[in-house]
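Heads up, input.txt below (compact mmCIF, C-alpha atoms):
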# COMPACT_ATOMS: atom_id res chain seq x y z
CA MET A 1 21.91 55.77 18.96
CA PRO A 2 20.84 53.43 16.11
CA CYS A 3 20.32 56.30 13.64
CA ASN A 4 23.98 57.20 14.26
CA SER A 5 23.10 60.90 14.30
CA GLY A 6 24.14 63.72 16.55
CA VAL A 7 24.17 67.52 16.34
CA SER A 8 25.03 70.36 18.70
CA LEU A 9 22.21 72.72 19.69
CA ILE A 10 21.99 75.71 22.05
CA PRO A 11 19.43 74.88 24.81
CA ILE A 12 17.98 78.40 25.07
CA VAL A 13 14.22 78.92 24.76
CA ASN A 14 12.77 82.44 24.93
CA GLY A 15 16.05 83.76 26.24
CA LYS A 16 16.30 81.21 29.07
CA VAL A 17 18.47 78.12 29.36
CA ASP A 18 16.32 74.99 29.57
CA LYS A 19 17.14 71.36 30.28
CA PHE A 20 16.50 68.67 27.69
CA GLY A 21 16.49 64.90 27.70
CA ALA A 22 15.36 61.97 25.58
CA ARG A 23 11.61 61.52 26.09
CA GLY A 24 10.58 59.00 23.45
CA LEU A 25 10.88 57.67 19.90
CA PHE A 26 9.20 58.66 16.65
CA ASN A 27 10.11 57.24 13.24
CA GLY A 28 12.96 55.39 14.93
CA LEU A 29 14.50 58.67 16.12
CA ALA A 30 14.83 60.12 19.59
CA LEU A 31 12.51 62.95 20.62
CA LEU A 32 13.86 65.48 23.09
CA GLY A 33 11.69 66.93 25.83
CA ASP A 34 12.26 70.14 27.76
CA ASP A 35 11.79 70.31 31.53
CA ARG A 36 9.98 73.68 31.57
CA SER A 37 7.05 73.19 29.19
CA GLY A 38 7.11 69.44 28.53
CA SER A 39 7.24 70.04 24.78
CA TYR A 40 8.84 67.64 22.31
CA TRP A 41 11.71 68.65 20.02
CA ASP A 42 13.39 67.18 16.95
CA HIS A 43 16.89 66.25 18.15
CA ILE A 44 18.46 66.99 14.74
CA THR A 45 16.82 70.20 13.50
CA GLY A 46 16.07 71.63 16.94
CA GLU A 47 12.47 72.36 15.99
CA CYS A 48 9.70 71.92 18.58
CA VAL A 49 7.21 69.52 17.00
CA HIS A 50 4.61 69.09 19.75
CA GLY A 51 3.46 70.84 22.90
CA PRO A 52 3.13 74.43 24.16
CA MET A 53 6.35 75.49 22.39
CA LYS A 54 5.44 73.98 19.01
CA GLY A 55 7.10 75.91 16.19
CA ALA A 56 9.93 77.24 18.37
CA GLN A 57 13.46 76.65 17.14
CA LEU A 58 16.72 75.89 18.95
CA ALA A 59 19.74 77.49 17.31
CA PRO A 60 22.66 75.32 16.20
CA SER A 61 25.83 75.64 18.23
CA PRO A 62 28.69 77.57 16.60
CA TYR A 63 31.04 74.81 17.72
CA GLU A 64 31.77 71.95 15.33
CA LEU A 65 30.53 68.49 16.19
CA LEU A 66 32.26 65.88 14.06
CA TYR A 67 32.41 62.11 14.41
CA THR A 68 35.99 61.19 15.21
CA THR A 69 38.34 58.99 17.22
CA VAL A 70 40.93 59.73 19.89
CA ALA A 71 43.68 58.99 17.37
CA ALA A 72 42.26 61.50 14.87
CA ALA A 73 41.79 64.16 17.54
CA GLN A 74 45.41 63.79 18.60
CA GLN A 75 46.52 63.85 14.97
CA SER A 76 44.84 67.19 14.22
CA HIS A 77 45.29 68.71 17.70
CA SER A 78 48.61 67.52 19.09
CA GLN A 79 48.07 69.38 22.38
CA ALA A 80 44.58 68.00 22.97
CA GLN A 81 43.89 66.59 26.42
CA ILE A 82 41.87 63.39 26.73
CA ALA A 83 39.31 63.30 29.55
CA ILE A 84 38.97 59.89 31.19
CA SER A 85 36.25 59.33 33.77
CA GLN A 86 37.11 57.82 37.12
CA THR A 87 35.33 54.48 37.32
CA SER A 88 35.05 51.89 40.05
CA MET A 89 36.40 48.36 39.70
CA ARG A 90 32.84 47.14 39.38
CA GLU A 91 32.08 49.59 36.58
CA ARG A 92 35.29 48.72 34.71
CA PHE A 93 34.34 45.05 34.93
CA ARG A 94 30.86 45.79 33.59
CA LEU A 95 32.22 47.86 30.68
CA GLY A 96 34.78 45.18 29.85
CA LEU A 97 32.03 42.56 29.83
CA MET A 98 29.92 44.74 27.53
CA ARG A 99 32.77 45.26 25.04
CA SER A 100 34.12 41.72 24.98
CA ILE A 101 31.01 39.55 25.26
CA ILE A 102 27.60 41.24 25.34
CA SER A 103 28.10 43.78 22.52
CA PRO A 104 29.69 41.30 20.03
CA PHE A 105 26.93 38.76 20.81
CA TYR A 106 24.23 41.41 20.29
CA HIS A 107 25.64 42.47 16.92
CA LYS A 108 26.07 38.84 15.84
CA VAL A 109 22.42 38.13 16.61
CA MET A 110 20.92 41.45 15.46
CA GLY A 111 23.31 42.17 12.61
CA ASN A 112 22.70 45.56 11.01
CA ARG A 113 19.09 45.76 12.18
CA LEU A 114 17.02 48.01 14.38
CA PRO A 115 15.37 46.74 17.58
CA SER A 116 11.60 46.33 17.35
CA ARG A 117 11.02 49.21 19.79
CA PHE A 118 12.42 51.48 17.07
CA THR A 119 10.83 49.91 13.99
CA LYS A 120 7.32 49.90 15.44
CA THR A 121 7.42 53.72 15.54
CA MET A 122 8.35 54.00 11.83
CA ILE A 123 5.81 54.80 9.10
CA ASP A 124 6.06 55.80 5.41
CA GLU A 125 9.73 54.87 5.22
CA ASP A 126 11.86 56.21 2.34
CA THR A 127 13.33 53.15 0.59
CA ARG A 128 15.57 54.92 -1.93
CA ARG A 129 18.54 53.66 0.12
CA PRO A 130 18.87 50.71 2.51
CA ARG A 131 17.56 51.63 5.95
CA MET A 132 20.88 51.23 7.78
CA ASP A 133 23.09 52.61 5.01
CA LEU A 134 25.73 54.90 6.49
CA GLY A 135 26.54 58.26 4.98
CA LEU A 136 27.16 61.95 5.55
CA GLY A 137 24.04 64.07 5.70
CA VAL A 138 24.65 67.71 4.80
CA TRP A 139 22.15 70.54 4.94
CA THR A 140 21.73 74.30 4.68
CA ALA A 141 18.63 76.48 4.92
CA THR A 142 17.76 75.60 1.30
CA HIS A 143 19.40 72.27 0.47
CA GLN A 144 19.64 68.83 2.07
CA ARG A 145 21.74 66.07 0.54
CA TYR A 146 22.77 62.59 1.62
CA TYR A 147 26.21 61.30 0.58
CA PRO A 148 26.59 57.50 0.90
CA LEU A 149 29.80 56.76 2.77
CA ALA A 150 30.82 54.22 0.12
CA ALA A 151 30.65 56.92 -2.57
CA ILE A 152 32.94 59.22 -0.58
CA ARG A 153 35.42 56.47 0.29
CA ALA A 154 35.66 55.49 -3.38
CA GLN A 155 37.25 58.86 -4.22
CA PRO A 156 40.88 59.07 -2.94
CA ASN A 157 41.00 62.77 -3.88
CA GLY A 158 37.75 63.48 -2.08
CA VAL A 159 34.49 64.64 -3.63
CA LEU A 160 33.87 68.11 -5.08
CA ASP A 161 30.18 68.93 -5.41
CA LEU A 162 27.84 71.91 -5.67
CA LEU A 163 25.37 72.39 -2.83
CA GLY A 164 23.15 75.15 -4.11
CA LYS A 165 25.56 77.84 -5.31
CA GLU A 166 28.39 76.83 -2.98
CA ARG A 167 31.14 74.35 -3.78
CA LEU A 168 31.52 71.58 -1.26
CA PHE A 169 34.41 69.23 -0.56
CA LEU A 170 33.87 65.89 1.16
CA TRP A 171 36.47 63.32 2.14
CA TYR A 172 36.84 60.17 4.20
CA ASN A 173 39.31 60.31 7.07
CA PRO A 174 40.48 56.72 7.73
CA VAL A 175 41.93 57.69 11.11
CA ALA A 176 38.65 59.24 12.28
CA LYS A 177 36.74 56.41 10.55
CA ALA A 178 34.30 59.01 9.28
CA ALA A 179 33.58 61.49 6.50
CA GLU A 180 33.38 65.25 6.79
CA ALA A 181 32.57 68.22 4.56
CA PHE A 182 33.53 71.86 4.18
CA PHE A 183 33.01 74.64 1.66
CA THR A 184 35.82 75.43 -0.77
CA SER A 185 36.55 77.54 -3.84
CA ALA A 186 38.67 74.75 -5.36
CA THR A 187 37.64 73.17 -8.65
CA ARG A 188 40.17 70.31 -8.73
CA THR A 189 42.03 68.11 -6.24
CA GLU A 190 44.79 65.54 -6.43
CA THR A 191 46.80 63.43 -4.00
CA ALA A 192 50.53 63.93 -3.48
CA ASN A 193 52.78 62.57 -0.73
CA GLY A 194 49.83 61.41 1.32
CA GLU A 195 48.09 64.82 1.13
CA ILE A 196 45.06 66.06 -0.77
CA VAL A 197 46.15 69.10 -2.77
CA PHE A 198 43.63 71.72 -3.97
CA ASP A 199 44.12 73.94 -7.01
CA THR A 200 43.74 76.91 -4.63
CA GLY A 201 47.11 76.05 -3.10
CA GLU A 202 45.52 74.57 0.02
CA ARG A 203 46.45 71.14 1.32
CA LEU A 204 44.72 68.63 3.55
CA ARG A 205 47.37 66.97 5.68
CA SER A 206 46.60 64.47 8.47
CA GLY A 207 43.11 65.89 8.87
CA VAL A 208 44.29 69.52 9.02
CA LEU A 209 43.54 72.03 6.25
CA LEU A 210 46.57 74.17 5.43
CA GLY A 211 46.19 77.45 3.55
CA ALA A 212 48.29 78.46 0.56
CA ASP A 213 50.76 79.93 3.08
CA GLY A 214 51.17 76.52 4.74
CA GLN A 215 49.46 77.60 7.96
CA PRO A 216 46.51 75.73 9.52
CA THR A 217 43.18 77.30 8.62
CA LYS A 218 39.66 76.58 9.83
CA PRO A 219 37.27 75.79 6.96
CA LYS A 220 33.66 76.94 6.79
CA ARG A 221 31.32 74.00 7.20
CA PRO A 222 27.65 73.32 6.54
CA GLN A 223 25.52 71.52 9.09
CA GLN A 224 26.43 67.85 8.82
CA MET A 225 26.29 64.53 10.58
CA LEU A 226 27.41 60.98 10.01
CA THR A 227 24.09 59.17 9.95
CA ARG A 228 22.03 56.18 8.93
CA TRP A 229 19.92 56.76 5.84
CA TYR A 230 16.60 56.32 7.60
CA GLY A 231 17.45 59.01 10.16
CA PHE A 232 18.33 61.61 7.54
CA ALA A 233 15.42 60.68 5.26
CA TYR A 234 12.86 60.99 8.03
CA THR A 235 14.30 64.34 9.11
CA PHE A 236 14.49 65.72 5.57
CA PRO A 237 11.83 63.82 3.54
CA LYS A 238 12.65 65.54 0.24
CA CYS A 239 16.43 65.32 0.56
CA GLU A 240 18.63 64.72 -2.46
CA ILE A 241 20.96 61.73 -2.77
CA TYR A 242 24.44 62.20 -4.19
CA GLU A 243 25.00 60.18 -7.34
CA PRO A 244 28.63 60.16 -8.59
CA SER A 245 27.61 59.35 -12.16
CA ASP A 246 25.56 62.53 -12.36
CA ARG A 247 28.37 64.91 -11.25
Encoding of this model in structure tokens:
Amino acid sequence: MPCNSGVSLIPIVNGKVDKFGARGLFNGLALLGDDRSGSYWDHITGECVHGPMKGAQLAPSPYELLYTTVAAAQQSHSQAQIAISQTSMRERFRLGLMRSIISPFYHKVMGNRLPSRFTKTMIDEDTRRPRMDLGLGVWTATHQRYYPLAAIRAQPNGVLDLLGKERLFLWYNPVAKAAEAFFTSATRTETANGEIVFDTGERLRSGVLLGADGQPTKPKRPQQMLTRWYGFAYTFPKCEIYEPSDR
């Protein structure tokens, strides 16, 4: 979607699995609707914002949802299987036409702009960053911070930052064409032989975090999403913006 945002939520309301789907737009963002009560839900926070279930909260999924590419997935999970849908000749032709002609023409005409059906739903926009600026939005129960993608990419050793009382590491993965973040106890990083080396003895190699023993380890992550500025700012109106000069 234009806001370039996506999270993973558990579709359970009052102990029962419900079905959700896109039901409309507000502030240029999709609103989810549930089939049982017809209520509307924020698709990022999982909070019900209107209807009989207003105030209810969907829990985040324990499974990671990161923006990536097939190449990056294969790099970090060599045994990963790639699911490819069976499509008809007609559908393959349509998809090929979309990729080669229609989509490039649309982007040439529209540029980095939102369609009017999105902008006409937007009010009181936060202009601290350009509307379509791309970055990594990170949040916990007490802190929300937006990291411009350009600021992360500018640091070959990654970014070490404090989010509340926890130390956070952010880096840009050129294979995944995206940034990601995880908590760390490291206070310094450097690059060596194509790896990011932490002063804890850990190493980040080809998108995989290796512990001091050299074995793959799964880092603890905050809630995060690769997003357009306007999407994160509307969701978290008082969010902070990472400024490298201040760190």
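Here the question is which of A:Val13, A:Ala192, A:Val70, A:Leu163 gets nearest to A:Glu47 using all atoms listed in the file, and that residue is A:Val13.
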(message) Give me the residues near stretch 229-234 of chain A as a VMD selection string, where near means some atom within 8 Å (using only C-alpha atoms) and where sequence neighbours in that chain fewer than 5 positions away do not count.
(response) chain A and resid 3 to 5 27 to 29 125 to 126 129 to 135 137 146 239
Report the closest atom pair, with its distance in Å rounded to one decimal, for each residue of stretch 10-91 of chain A that has an atom no farther than 9 Å from stretch 164-177 of chain A; count only C-alpha atoms, sort by chain and then rising residue number, and write it as CSV.
residue,atom,partner,partner_atom,distance
A:Tyr67,CA,A:Ala176,CA,7.2
A:Thr68,CA,A:Ala176,CA,4.4
A:Thr69,CA,A:Ala176,CA,5.0
A:Val70,CA,A:Ala176,CA,8.0
A:Ala71,CA,A:Val175,CA,6.6
A:Ala72,CA,A:Ala176,CA,5.0
A:Ala73,CA,A:Ala176,CA,7.9
A:Gln75,CA,A:Val175,CA,8.6
Could you write out that same residue set with C-alpha atoms as a short mmCIF file (atom, residue, chain, number, x, y, z; two decimals), keeping the file's coordinate frame?
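part.cif, written as the output of this step:
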data_model
loop_
_atom_site.label_atom_id
_atom_site.label_comp_id
_atom_site.auth_asym_id
_atom_site.auth_seq_id
_atom_site.Cartn_x
_atom_site.Cartn_y
_atom_site.Cartn_z
CA TYR A 67 32.41 62.11 14.41
CA THR A 68 35.99 61.19 15.21
CA THR A 69 38.34 58.99 17.22
CA VAL A 70 40.93 59.73 19.89
CA ALA A 71 43.68 58.99 17.37
CA ALA A 72 42.26 61.50 14.87
CA ALA A 73 41.79 64.16 17.54
CA GLN A 75 46.52 63.85 14.97
#
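Taking atom CA of A:Gly46 and atom CA of A:Leu9 as endpoints, the distance between them is 6.8 Å.
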(request) Quote the spacing between atom CA of A:Pro216 and atom CA of A:Val138 in Å to one decimal place. (result)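 Distance reported for this atom pair: 23.8 Å.
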(request) Pick out the closest residue to A:Leu226 from this set: A:Ala56, A:Ile44, A:Met98, A:Leu25. Count only C-alpha atoms. (result) A:Ile44
(request) Counting all atoms listed in the file, figure out which residue out of A:Tyr40, A:Phe198, A:Trp139, A:Phe93 gets nearest to A:Thr235. (result)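 Selected residue with least distance to A:Thr235: A:Trp139.
For the pair atom CA of A:Asp34 and atom CA of A:Lys19, the separation is 5.6 Å.
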(request) Find the residues around A:Val17 up to 12 Å (only C-alpha atoms counted), leave out those fewer than 5 positions away in its own chain, and share them as a ChimeraX atom specification. (result) /A:9-12,34-36,58
(request) Please write as a list in words the list of polymer residues whose atoms come within 7 Å of (15.3, 65.9, 20.1), counting all atoms listed in the file and keeping to the coordinates of the file. (result)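 All residues meeting the 7 Å criterion around (15.3, 65.9, 20.1) are Ala22, Ala30, Leu31, Leu32, Gly33, Trp41, Asp42, His43, Ile44 and Gly46 of chain A.
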(message) So, with only C-alpha atoms as the atoms that count, which of A:Ser85, A:Leu65, A:Arg90, A:Arg145 lies closest to A:Phe236?
(response)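 Under the stated criterion, the closest residue is A:Arg145.
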